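A.B. asks: mmCIF, C-alpha atoms and all ligand atoms, saved as run.cif, coming up:
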```cif
data_data
loop_
_atom_site.label_atom_id
_atom_site.label_comp_id
_atom_site.auth_asym_id
_atom_site.auth_seq_id
_atom_site.Cartn_x
_atom_site.Cartn_y
_atom_site.Cartn_z
CA MET A 236 -2.43 -0.85 -24.86
CA VAL A 237 -3.21 0.58 -21.44
CA ARG A 238 -4.25 -1.89 -18.75
CA PHE A 239 -5.46 -1.18 -15.22
CA THR A 240 -5.85 -4.08 -12.79
CA VAL A 241 -6.84 -3.71 -9.14
CA LEU A 242 -5.21 -6.68 -7.41
CA ALA A 243 -6.59 -5.81 -3.97
CA SER A 244 -8.47 -2.94 -2.37
CA GLY A 245 -9.42 -2.48 1.29
CA SER A 246 -7.95 -2.21 4.76
CA ARG A 247 -6.25 -5.61 4.47
CA GLY A 248 -4.16 -4.57 1.51
CA ASN A 249 -4.12 -2.34 -1.56
CA CYS A 250 -2.34 -2.94 -4.81
CA THR A 251 -2.97 -2.05 -8.47
CA VAL A 252 -0.97 -2.82 -11.63
CA LEU A 253 -0.95 -0.24 -14.37
CA SER A 254 0.67 -0.73 -17.77
CA GLY A 255 1.01 1.73 -20.57
CA GLY A 256 3.40 1.67 -23.53
CA ARG A 257 6.41 -0.39 -22.50
CA THR A 258 6.06 0.48 -18.81
CA ARG A 259 4.40 -1.39 -15.98
CA ILE A 260 4.10 -0.04 -12.45
CA LEU A 261 2.61 -1.17 -9.18
CA VAL A 262 0.60 1.41 -7.26
CA ASP A 263 1.04 0.53 -3.57
CA ALA A 264 2.26 -2.84 -2.36
CA GLY A 265 -0.01 -3.63 0.55
CA LEU A 266 0.02 -7.41 0.09
CA SER A 267 2.83 -9.79 0.97
CA CYS A 268 5.16 -10.31 -1.96
CA ARG A 269 4.00 -13.91 -2.29
CA GLU A 270 0.32 -12.93 -2.46
CA LEU A 271 1.07 -10.02 -4.75
CA PHE A 272 2.86 -12.28 -7.25
CA ARG A 273 0.09 -14.87 -6.99
CA ARG A 274 -2.54 -12.27 -7.84
CA MET A 275 -0.49 -10.82 -10.66
CA ASN A 276 -0.20 -14.28 -12.18
CA LEU A 277 -3.96 -14.80 -11.75
CA ALA A 278 -4.53 -11.54 -13.60
CA GLY A 279 -2.15 -12.55 -16.41
CA GLU A 280 0.56 -10.09 -15.39
CA ASP A 281 4.20 -11.14 -15.12
CA PRO A 282 5.82 -9.72 -11.94
CA ALA A 283 9.26 -9.86 -13.56
CA THR A 284 8.18 -7.16 -16.04
CA LEU A 285 7.38 -4.52 -13.38
CA ASN A 286 9.46 -1.35 -13.69
CA ALA A 287 8.68 0.43 -10.42
CA ILE A 288 6.53 0.64 -7.30
CA VAL A 289 4.75 3.92 -6.47
CA ILE A 290 3.47 4.52 -2.94
CA THR A 291 0.49 6.73 -2.01
CA HIS A 292 1.14 6.80 1.76
CA GLU A 293 2.79 4.79 4.52
CA HIS A 294 -0.21 3.03 6.10
CA GLN A 295 0.38 -0.67 6.49
CA ASP A 296 -2.34 -1.70 4.03
CA HIS A 297 -0.39 0.15 1.31
CA VAL A 298 3.21 -0.75 2.13
CA ASN A 299 3.26 -4.27 3.57
CA GLY A 300 5.11 -5.91 0.70
CA ILE A 301 7.36 -3.05 -0.47
CA ALA A 302 10.73 -4.21 0.78
CA VAL A 303 10.50 -7.88 -0.22
CA THR A 304 8.94 -7.11 -3.60
CA ALA A 305 11.38 -4.33 -4.54
CA ARG A 306 14.35 -6.47 -3.45
CA LYS A 307 13.23 -9.52 -5.38
CA LEU A 308 12.61 -7.54 -8.57
CA GLY A 309 15.48 -5.05 -8.14
CA ILE A 310 13.17 -2.14 -8.96
CA PRO A 311 12.93 1.40 -7.55
CA VAL A 312 10.27 2.59 -5.14
CA TYR A 313 8.80 6.08 -5.62
CA PHE A 314 7.65 7.94 -2.50
CA THR A 315 7.36 11.51 -1.33
CA GLU A 316 10.28 12.17 0.99
CA ALA A 317 8.00 12.51 4.03
CA THR A 318 6.27 9.20 3.23
CA HIS A 319 9.63 7.46 2.84
CA ARG A 320 10.80 8.80 6.19
CA ALA A 321 7.53 7.80 7.87
CA TRP A 322 7.80 4.30 6.40
CA MET A 323 11.33 3.93 7.73
CA ARG A 324 10.26 5.13 11.18
CA TRP A 325 7.40 2.63 11.10
CA LEU A 326 9.91 -0.15 10.48
CA SER A 327 12.24 1.11 13.21
CA PRO A 328 9.75 2.17 15.91
CA ARG A 329 12.08 1.67 18.85
CA ARG A 330 14.90 3.62 17.34
CA GLN A 331 12.93 6.88 17.39
CA MET A 332 15.54 8.42 15.13
CA THR A 333 15.67 11.93 13.83
CA TYR A 334 16.42 12.22 10.15
CA ALA A 335 20.00 13.34 10.94
CA GLN A 336 20.50 10.29 13.17
CA TRP A 337 19.15 8.06 10.44
CA LEU A 338 21.59 9.53 7.89
CA GLU A 339 24.43 8.92 10.33
CA MET A 340 23.28 5.32 10.79
CA CYS A 341 23.28 4.81 7.01
CA ARG A 342 26.85 6.14 6.80
CA LYS A 343 27.98 3.78 9.58
CA GLN A 344 26.31 0.79 7.99
CA ALA A 345 27.92 1.58 4.65
CA ALA A 346 31.32 1.83 6.35
CA GLU A 347 30.78 -1.51 8.08
CA ARG A 348 29.84 -3.14 4.82
CA ARG A 349 32.94 -1.72 3.15
CA ALA A 350 35.03 -3.30 5.93
CA GLU A 351 33.51 -6.76 5.34
CA PRO A 352 35.51 -9.17 3.16
CA GLU A 353 34.21 -9.49 -0.38
CA SER A 354 31.90 -12.43 -0.88
CA ASP A 355 31.34 -14.29 -4.11
CA SER A 356 28.49 -16.28 -2.64
CA SER A 357 25.46 -16.51 -4.91
CA GLU A 358 22.97 -17.02 -2.07
CA SER A 359 19.63 -15.38 -2.58
CA ASP A 360 18.52 -12.31 -0.70
CA PRO A 361 17.29 -13.48 2.73
CA SER A 362 13.74 -12.34 3.29
CA ASP A 363 10.90 -12.66 5.73
CA ASP A 364 9.22 -14.91 3.21
CA PRO A 365 11.69 -17.76 2.77
CA GLY A 366 9.45 -19.85 0.54
CA GLU A 367 9.79 -17.40 -2.32
CA GLU A 368 12.29 -17.59 -5.11
CA PRO A 369 14.02 -14.44 -6.22
CA VAL A 370 12.82 -13.16 -9.59
CA GLY A 371 15.23 -12.10 -12.30
CA ASN A 372 18.83 -11.18 -11.74
CA ALA A 373 18.07 -8.31 -9.44
CA ALA A 374 21.46 -8.09 -7.75
CA GLN A 375 23.05 -6.87 -10.97
CA SER A 376 21.20 -3.60 -10.90
CA LEU A 377 21.10 -2.84 -7.20
CA VAL A 378 21.90 0.62 -6.01
CA PRO A 379 21.50 1.51 -2.36
CA ASN A 380 18.67 2.99 -0.39
CA ALA A 381 19.82 6.54 0.14
CA PRO A 382 18.14 9.94 0.47
CA ASP A 383 19.80 10.96 -2.76
CA PRO A 384 19.50 8.14 -5.28
CA ALA A 385 22.08 9.87 -7.46
CA ALA A 386 24.76 9.24 -4.85
CA PRO A 387 25.24 5.47 -4.83
CA ASP A 388 27.08 3.83 -2.01
CA PRO A 389 30.42 2.52 -3.31
CA ALA A 390 30.13 -0.46 -0.94
CA LEU A 391 27.27 -1.81 -3.00
CA ASP A 392 28.46 -1.55 -6.57
CA ALA A 393 27.68 -4.38 -8.93
CA SER A 394 31.09 -6.02 -8.71
CA SER A 395 31.48 -6.32 -4.93
CA GLY A 396 28.13 -5.30 -3.44
CA ARG A 397 25.75 -7.33 -1.40
CA PRO A 398 22.60 -5.72 -0.02
CA PRO A 399 21.97 -5.98 3.71
CA SER A 400 19.46 -8.65 4.71
CA LEU A 401 15.96 -7.63 5.78
CA LYS A 402 16.96 -8.37 9.37
CA GLU A 403 20.06 -6.18 9.13
CA ASP A 404 18.15 -3.32 7.57
CA PRO A 405 14.42 -3.73 6.89
CA THR A 406 14.34 -0.30 5.21
CA TRP A 407 16.90 -1.07 2.52
CA LEU A 408 15.53 -0.82 -1.03
CA PRO A 409 17.29 -1.32 -4.36
CA ALA A 410 16.62 2.34 -5.21
CA VAL A 411 14.46 5.16 -3.89
CA GLU A 412 13.07 8.00 -5.99
CA TYR A 413 11.29 11.02 -4.57
CA PHE A 414 8.36 12.90 -6.05
CA GLU A 415 6.33 15.84 -4.73
CA ALA A 416 2.60 16.46 -4.78
CA GLY A 417 1.83 18.99 -7.49
CA GLN A 418 4.92 18.09 -9.54
CA PRO A 419 4.11 15.76 -12.46
CA PHE A 420 6.78 13.22 -13.40
CA SER A 421 7.22 10.20 -15.65
CA ILE A 422 8.18 6.60 -15.21
CA GLY A 423 8.96 5.31 -18.69
CA ASP A 424 5.83 5.71 -20.80
CA ILE A 425 3.50 6.55 -17.87
CA CYS A 426 3.01 10.15 -16.66
CA LEU A 427 2.06 10.62 -13.02
CA ASN A 428 0.52 13.72 -11.51
CA PRO A 429 0.42 13.34 -7.71
CA PHE A 430 -1.96 15.53 -5.69
CA THR A 431 -2.38 15.99 -1.95
CA ILE A 432 -5.33 14.25 -0.29
CA PRO A 433 -6.68 14.79 3.25
CA HIS A 434 -5.77 11.65 5.25
CA ASP A 435 -3.99 10.98 8.54
CA ALA A 436 -0.63 10.03 7.06
CA ALA A 437 2.65 11.95 6.64
CA ASP A 438 2.15 13.17 3.07
CA PRO A 439 -0.63 11.19 1.37
CA VAL A 440 -1.31 11.57 -2.35
CA GLY A 441 -3.74 10.54 -5.04
CA PHE A 442 -2.70 10.34 -8.69
CA ILE A 443 -3.73 11.12 -12.20
CA PHE A 444 -1.97 8.61 -14.43
CA SER A 445 -1.78 9.11 -18.15
CA ALA A 446 -0.45 6.84 -20.86
CA GLU A 447 -1.18 6.59 -24.57
CA GLY A 448 -3.70 9.43 -24.19
CA VAL A 449 -5.70 7.58 -21.50
CA ARG A 450 -6.24 9.42 -18.18
CA MET A 451 -6.88 7.50 -14.96
CA GLY A 452 -7.70 9.05 -11.56
CA PHE A 453 -6.78 7.33 -8.33
CA ALA A 454 -8.27 8.66 -5.08
CA THR A 455 -8.65 6.40 -2.04
CA ASP A 456 -7.89 7.03 1.65
CA LEU A 457 -9.27 10.53 1.93
CA GLY A 458 -11.55 12.01 4.58
CA TYR A 459 -13.39 14.24 2.13
CA ILE A 460 -12.94 15.59 -1.40
CA PRO A 461 -11.48 19.10 -1.22
CA PRO A 462 -11.55 21.51 -4.18
CA ASN A 463 -8.02 20.63 -5.33
CA VAL A 464 -9.01 16.97 -5.69
CA LYS A 465 -12.30 17.81 -7.46
CA GLU A 466 -10.22 19.91 -9.83
CA GLN A 467 -7.98 16.93 -10.63
CA LEU A 468 -10.71 14.33 -11.11
CA ARG A 469 -11.86 15.67 -14.50
CA ASP A 470 -11.60 14.48 -18.10
CA LEU A 471 -10.87 10.96 -16.94
CA ASP A 472 -11.25 7.67 -18.77
CA LEU A 473 -11.19 5.75 -15.51
CA LEU A 474 -11.76 6.77 -11.90
CA LEU A 475 -10.89 4.66 -8.86
CA LEU A 476 -12.74 6.35 -5.98
CA GLU A 477 -12.97 5.36 -2.33
CA SER A 478 -16.39 4.31 -1.03
CA ASN A 479 -15.29 3.13 2.39
CA HIS A 480 -18.25 2.95 4.72
CA ASP A 481 -21.94 3.29 5.18
CA LEU A 482 -22.45 5.96 7.84
CA GLU A 483 -25.11 4.03 9.76
CA MET A 484 -23.17 0.78 9.70
CA LEU A 485 -20.11 2.59 10.99
CA ARG A 486 -22.03 4.38 13.76
CA ASP A 487 -23.76 1.17 14.90
CA GLY A 488 -20.81 -1.10 14.20
CA PRO A 489 -18.18 -2.83 16.33
CA TYR A 490 -15.37 -0.25 16.23
CA PRO A 491 -14.43 1.64 19.42
CA TRP A 492 -15.61 5.24 19.45
CA SER A 493 -12.10 6.61 18.93
CA VAL A 494 -11.69 4.57 15.74
CA LYS A 495 -15.14 5.60 14.50
CA GLN A 496 -14.15 9.22 15.07
CA ARG A 497 -10.95 8.72 13.10
CA VAL A 498 -12.70 7.09 10.13
CA LEU A 499 -15.37 9.81 10.08
CA SER A 500 -12.93 12.69 10.44
CA ARG A 501 -11.77 15.03 7.67
CA VAL A 502 -8.55 12.97 7.49
CA GLY A 503 -10.24 9.55 7.63
CA HIS A 504 -12.02 7.68 4.87
CA LEU A 505 -14.66 8.59 2.29
CA SER A 506 -18.19 7.35 3.02
CA ASN A 507 -20.60 6.00 0.42
CA ASP A 508 -22.55 9.24 0.84
CA SER A 509 -19.53 11.46 0.23
CA ALA A 510 -18.46 9.45 -2.83
CA SER A 511 -22.02 9.66 -4.18
CA GLN A 512 -22.23 13.36 -3.49
CA PHE A 513 -19.12 13.88 -5.58
CA LEU A 514 -20.48 11.68 -8.39
CA ALA A 515 -23.82 13.51 -8.40
CA GLN A 516 -22.60 17.11 -8.05
CA ASP A 517 -18.97 17.49 -9.09
CA TYR A 518 -18.07 14.65 -11.41
CA ASP A 519 -18.16 15.50 -15.12
CA GLY A 520 -19.57 12.13 -16.23
CA GLN A 521 -16.75 11.50 -18.72
CA ALA A 522 -15.14 8.29 -17.46
CA ALA A 523 -15.79 5.01 -19.23
CA TRP A 524 -15.17 3.19 -15.95
CA ILE A 525 -15.79 4.06 -12.32
CA ILE A 526 -14.35 1.68 -9.75
CA LEU A 527 -15.40 1.98 -6.13
CA GLY A 528 -12.54 0.98 -3.83
CA HIS A 529 -11.29 0.57 -0.26
CA LEU A 530 -14.68 -0.76 0.90
CA SER A 531 -14.71 -1.58 4.62
CA GLU A 532 -15.44 -5.21 5.41
CA ASN A 533 -17.01 -4.26 8.77
CA ASN A 534 -18.82 -1.05 7.99
CA ASN A 535 -20.04 -1.46 4.44
CA LEU A 536 -21.78 -3.85 2.09
CA PRO A 537 -20.90 -3.93 -1.60
CA GLU A 538 -24.58 -3.52 -2.48
CA LEU A 539 -24.93 -0.38 -0.36
CA ALA A 540 -21.91 1.21 -2.04
CA ARG A 541 -23.14 0.17 -5.48
CA VAL A 542 -26.70 1.42 -5.00
CA ALA A 543 -25.52 4.77 -3.62
CA ALA A 544 -23.21 5.29 -6.62
CA GLU A 545 -25.81 4.08 -9.13
CA ARG A 546 -28.31 6.57 -7.75
CA ALA A 547 -25.76 9.34 -8.04
CA LEU A 548 -25.00 8.36 -11.62
CA ALA A 549 -28.65 7.86 -12.59
CA GLY A 550 -29.19 8.92 -16.16
CA ARG A 551 -25.49 8.95 -16.93
CA ALA A 552 -24.91 5.24 -17.49
CA SER A 553 -24.61 4.57 -21.20
CA LEU A 554 -22.91 2.19 -23.56
CA LEU A 555 -19.82 4.37 -23.52
CA ALA A 556 -19.48 5.80 -20.03
CA ASN A 557 -19.79 5.25 -16.32
CA HIS A 558 -19.63 1.50 -16.11
CA LEU A 559 -19.53 0.84 -12.39
CA LEU A 560 -17.30 -1.80 -10.79
CA LEU A 561 -16.46 -2.64 -7.18
CA ALA A 562 -12.84 -3.43 -6.34
CA ARG A 563 -12.41 -6.39 -4.04
CA GLN A 564 -10.23 -7.22 -1.10
CA HIS A 565 -9.62 -10.91 -1.65
CA GLU A 566 -9.32 -11.33 -5.40
CA PRO A 567 -8.21 -9.25 -8.38
CA LEU A 568 -10.75 -7.35 -10.43
CA SER A 569 -10.74 -8.15 -14.16
CA SER A 570 -8.32 -5.95 -16.03
CA ILE A 571 -9.68 -2.86 -17.71
CA THR A 572 -8.04 -2.16 -21.05
CA PHE A 573 -8.02 0.83 -23.35
ZN ZN A 601 -5.79 2.31 3.15
ZN ZN A 602 -4.55 5.09 4.76
#
```
Let me see whether you can do it: turn the structure in this file into structure tokens.

C.D. replies:
Amino acid sequence: MVRFTVLASGSRGNCTVLSGGRTRILVDAGLSCRELFRRMNLAGEDPATLNAIVITHEHQDHVNGIAVTARKLGIPVYFTEATHRAWMRWLSPRRQMTYAQWLEMCRKQAAERRAEPESDSSESDPSDDPGEEPVGNAAQSLVPNAPDPAAPDPALDASSGRPPSLKEDPTWLPAVEYFEAGQPFSIGDICLNPFTIPHDAADPVGFIFSAEGVRMGFATDLGYIPPNVKEQLRDLDLLLLESNHDLEMLRDGPYPWSVKQRVLSRVGHLSNDSASQFLAQDYDGQAAWIILGHLSENNNLPELARVAAERALAGRASLLANHLLLARQHEPLSSITF
């Protein structure tokens, strides 16, 4: 069975669980680990069964819980290389490191750890969220955060290794895997096809996920829908599409002009009008489910987004296709199963 559950969507945090076959992945981890686990449990998903985290881009509302979640579960995080580097810079803003300097720092830290006496302490991984219990026996499978995940750091092997604490190295992850836009890859039973989207981040992507013959499109955080994205969003069973703002509400709203400009720009966010224009003119009408996501809490109203999309889909709604849902910021959406 394929199951798609939006745990959160919006500028305060984005996170979706997708399972297919024997594989379960998290798409973005923009909630704290504690909140993420709470919502997974609410949605009937067991966090301990997650296999990987996949990141669309490094903005805070998509990455907030990565480090704590990946450490607790001992699972790999998939990024593009540029997004990984941008995320690390974001966590080390004062260091202003070049990539070469960062590599050198990793080598030094590994050498320091090798010099430390071996510890048989079974203390849990210190985190910025001390109320949480570690899940599973993650330390057994830890391999280090390194540009090349195939080159594990001998200081951290399963017999003697101990990962650095979040304070020592907030960028440390159990394992990092790189993917590239335009290069499909698999995680277990789920195939992922990442594509470039126009957004003001280092290397932002949307995805087509497929599992058990079900195709799901994922496109939020994009200023407009260029031809390459239109090309991808076809023959889908499910489409999660951004419907961020109502143009008038944004223009008349509380944001400073510079922020309004950013949201409206070609690398900002998709308006209700732009989403509707796609649905009316370019969308092939095939999906059983359309989920509108990343709605602004300040510059949109769920009803405005819904009405705009319903108008665009007029005549297409049927028993089989184009059921319209709105993803929410503060609670999970009911799971969609195929
Ligand atoms: Zn976002
Ligand atoms: Zn973003």

A.B. asks: Return as an mmCIF file with C-alpha atoms, keeping the file's coordinate frame every polymer residue, whether protein, DNA or RNA, with at least one atom no more than 10 Å from an atom of ligand ZN 601 (chain A); count only C-alpha atoms and all ligand atoms.

C.D. replies:
```cif
data_model
loop_
_atom_site.group_PDB
_atom_site.id
_atom_site.type_symbol
_atom_site.label_atom_id
_atom_site.label_comp_id
_atom_site.auth_asym_id
_atom_site.auth_seq_id
_atom_site.Cartn_x
_atom_site.Cartn_y
_atom_site.Cartn_z
ATOM 1 C CA SER A 244 -8.470 -2.940 -2.370
ATOM 2 C CA GLY A 245 -9.420 -2.480 1.290
ATOM 3 C CA SER A 246 -7.950 -2.210 4.760
ATOM 4 C CA ARG A 247 -6.250 -5.610 4.470
ATOM 5 C CA GLY A 248 -4.160 -4.570 1.510
ATOM 6 C CA ASN A 249 -4.120 -2.340 -1.560
ATOM 7 C CA ASP A 263 1.040 0.530 -3.570
ATOM 8 C CA GLY A 265 -0.010 -3.630 0.550
ATOM 9 C CA THR A 291 0.490 6.730 -2.010
ATOM 10 C CA HIS A 292 1.140 6.800 1.760
ATOM 11 C CA GLU A 293 2.790 4.790 4.520
ATOM 12 C CA HIS A 294 -0.210 3.030 6.100
ATOM 13 C CA GLN A 295 0.380 -0.670 6.490
ATOM 14 C CA ASP A 296 -2.340 -1.700 4.030
ATOM 15 C CA HIS A 297 -0.390 0.150 1.310
ATOM 16 C CA VAL A 298 3.210 -0.750 2.130
ATOM 17 C CA HIS A 434 -5.770 11.650 5.250
ATOM 18 C CA THR A 455 -8.650 6.400 -2.040
ATOM 19 C CA ASP A 456 -7.890 7.030 1.650
ATOM 20 C CA LEU A 457 -9.270 10.530 1.930
ATOM 21 C CA GLU A 477 -12.970 5.360 -2.330
ATOM 22 C CA ASN A 479 -15.290 3.130 2.390
ATOM 23 C CA GLY A 503 -10.240 9.550 7.630
ATOM 24 C CA HIS A 504 -12.020 7.680 4.870
ATOM 25 C CA GLY A 528 -12.540 0.980 -3.830
ATOM 26 C CA HIS A 529 -11.290 0.570 -0.260
ATOM 27 C CA LEU A 530 -14.680 -0.760 0.900
ATOM 28 C CA SER A 531 -14.710 -1.580 4.620
#
```

A.B. asks: Name the closest residue to ligand ZN 602 (chain A) among the candidates A:Pro439, A:Pro461, A:Pro537, A:Gly520; distances are taken between atoms, counting only C-alpha atoms and all ligand atoms.

C.D. replies: A:Pro439

A.B. asks: Of the candidates A:Lys307, A:Arg563, A:Arg497, A:Arg551, which shows the shortest atom-to-atom distance to ligand ZN 602 (chain A), using all atoms listed in the file?

C.D. replies: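 Using all atoms listed in the file, the shortest distance to ligand ZN 602 (chain A) belongs to A:Arg497.
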
A.B. asks: For Val241 in chain A, work out the shell of residues within 9 Å, counting all atoms listed in the file and skipping chain neighbours fewer than 4 positions away, then give it as a list of chain:residue names.

C.D. replies: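 Using all atoms listed in the file, the neighbours found are A:Asn249, A:Cys250, A:Thr251, A:Val252, A:Leu253, A:Ala562, A:Arg563, A:Glu566, A:Pro567, A:Leu568, A:Ser569, A:Ser570.
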
A.B. asks: Just want the 6 Å neighbourhood of Asp481 in chain A, counted on all atoms listed in the file, with same-chain residues fewer than 6 positions away dropped. Output as a list in words.

C.D. replies: Ser506, Asn507 and Asn535 of chain A

A.B. asks: With a distance cut-off of 8 Å and all atoms listed in the file, select the neighbouring residues of Val464 in chain A, excluding the residue or stretch itself and same-chain residues fewer than 6 positions from it, and output the selection as a PDB file with C-alpha atoms, in the frame of the given file.

C.D. replies:
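Listing of result02.pdb after writing:
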```pdb
ATOM      1  CA  PHE A 430      -1.960  15.530  -5.690  1.00  0.00           C
ATOM      2  CA  THR A 431      -2.380  15.990  -1.950  1.00  0.00           C
ATOM      3  CA  ILE A 432      -5.330  14.250  -0.290  1.00  0.00           C
TER       4      ILE A 432
END
```

A.B. asks: Name the closest residue to Ala264 in chain A among the candidates A:Ala540, A:Val502, A:Met451, A:Val312; distances are taken between atoms, counting only C-alpha atoms.

C.D. replies: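 Answer, going by the shortest atom-to-atom distance: A:Val312.
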
A.B. asks: From the list A:Ala556, A:Ala437, A:Leu476, A:Leu485, which residue is nearest ligand ZN 602 (chain A) when using only C-alpha atoms and all ligand atoms?

C.D. replies: A:Ala437

A.B. asks: Which residue is closest to Thr315 in chain A? Choose from A:Val449, A:Ala350, A:Ala436, A:Leu285 and count all atoms listed in the file.

C.D. replies: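 The closest residue to Thr315 in chain A is A:Ala436.
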
A.B. asks: Could you work out how far CA of Ile571 in chain A lies from CA of Ala446 in chain A, giving the answer in Å with one decimal?

C.D. replies: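 For CA of Ala446 in chain A relative to CA of Ile571 in chain A, the distance reads 13.8 Å.
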
A.B. asks: Report as a list in words all protein, DNA and RNA residues lying within 12 Å of Val542 in chain A, evaluated on only C-alpha atoms, omitting residues in the same chain fewer than 3 positions from it.

C.D. replies: Ser478, Asp481, Asn507, Asp508, Ala510, Ser511, Leu527, Asn535, Leu536, Pro537, Glu538, Leu539, Glu545, Arg546, Ala547, Leu548, Ala549, Leu559, Leu560 and Leu561 of chain A

A.B. asks: Can you work out which one of A:Glu412, A:Glu403, A:Asp487, A:Asp517 has the shortest atom-to-atom distance to Ala345 in chain A, counting only C-alpha atoms?

C.D. replies: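 Counting only C-alpha atoms, the residue closest to Ala345 in chain A is A:Glu403.
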
A.B. asks: Skipping near chain neighbours, those fewer than 3 positions away, what residues fall within 6 Å of Leu266 in chain A using all atoms listed in the file, listed as a short mmCIF file (atom, residue, chain, number, x, y, z; two decimals) with C-alpha atoms, in the coordinates of the input?

C.D. replies:
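So the final result, stored in selection_2.cif, reads:
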```cif
data_model
loop_
_atom_site.label_atom_id
_atom_site.label_comp_id
_atom_site.auth_asym_id
_atom_site.auth_seq_id
_atom_site.Cartn_x
_atom_site.Cartn_y
_atom_site.Cartn_z
CA GLY A 248 -4.16 -4.57 1.51
CA LEU A 271 1.07 -10.02 -4.75
CA ASN A 299 3.26 -4.27 3.57
CA GLY A 300 5.11 -5.91 0.70
#
```

A.B. asks: Kindly extract all protein, DNA and RNA residues lying within 8 Å of the coordinates (-3.0, 1.8, -25.2) given in the file, considering all atoms listed in the file, and supply them as a ChimeraX atom specification.

C.D. replies: /A:236-238,255-256,446-449,572-573

A.B. asks: Could you check how far CA of Glu347 in chain A sits from CA of Leu308 in chain A, in Å to one decimal?

C.D. replies: 25.4 Å

A.B. asks: Using CA of Lys465 in chain A and CA of His319 in chain A as the two end points, give the distance in Å to one decimal.

C.D. replies: 26.3 Å

A.B. asks: Complete the atoms of range 492-504 of chain A to N, CA, C and O atoms and put them out as a compact mmCIF listing (two decimals), in the coordinates of the input.

C.D. replies:
```txt
# COMPACT_ATOMS: atom_id res chain seq x y z
N TRP A 492 -15.22 3.90 19.83
CA TRP A 492 -15.61 5.24 19.45
C TRP A 492 -14.45 6.03 18.85
O TRP A 492 -14.60 6.75 17.87
N SER A 493 -13.25 5.85 19.42
CA SER A 493 -12.10 6.61 18.93
C SER A 493 -11.80 6.26 17.46
O SER A 493 -11.46 7.13 16.66
N VAL A 494 -11.96 4.98 17.13
CA VAL A 494 -11.69 4.57 15.74
C VAL A 494 -12.80 5.10 14.82
O VAL A 494 -12.53 5.57 13.71
N LYS A 495 -14.04 5.04 15.31
CA LYS A 495 -15.14 5.60 14.50
C LYS A 495 -14.88 7.08 14.21
O LYS A 495 -15.07 7.54 13.09
N GLN A 496 -14.44 7.79 15.24
CA GLN A 496 -14.15 9.22 15.07
C GLN A 496 -13.09 9.43 14.00
O GLN A 496 -13.16 10.34 13.18
N ARG A 497 -12.05 8.59 14.05
CA ARG A 497 -10.95 8.72 13.10
C ARG A 497 -11.44 8.48 11.67
O ARG A 497 -11.13 9.24 10.76
N VAL A 498 -12.21 7.41 11.48
CA VAL A 498 -12.70 7.09 10.13
C VAL A 498 -13.58 8.22 9.60
O VAL A 498 -13.50 8.60 8.43
N LEU A 499 -14.41 8.77 10.50
CA LEU A 499 -15.37 9.81 10.08
C LEU A 499 -14.73 11.17 9.88
O LEU A 499 -15.33 12.05 9.28
N SER A 500 -13.52 11.35 10.41
CA SER A 500 -12.93 12.69 10.44
C SER A 500 -12.56 13.17 9.04
O SER A 500 -12.58 12.41 8.07
N ARG A 501 -12.16 14.44 8.96
CA ARG A 501 -11.77 15.03 7.67
C ARG A 501 -10.48 14.42 7.14
O ARG A 501 -10.10 14.66 6.00
N VAL A 502 -9.76 13.65 7.98
CA VAL A 502 -8.55 12.97 7.49
C VAL A 502 -8.72 11.45 7.59
O VAL A 502 -7.75 10.71 7.73
N GLY A 503 -9.97 11.00 7.55
CA GLY A 503 -10.24 9.55 7.63
C GLY A 503 -10.50 8.97 6.26
O GLY A 503 -9.64 9.05 5.37
N HIS A 504 -11.68 8.38 6.11
CA HIS A 504 -12.02 7.68 4.87
C HIS A 504 -13.34 8.21 4.30
O HIS A 504 -14.21 8.67 5.03
```
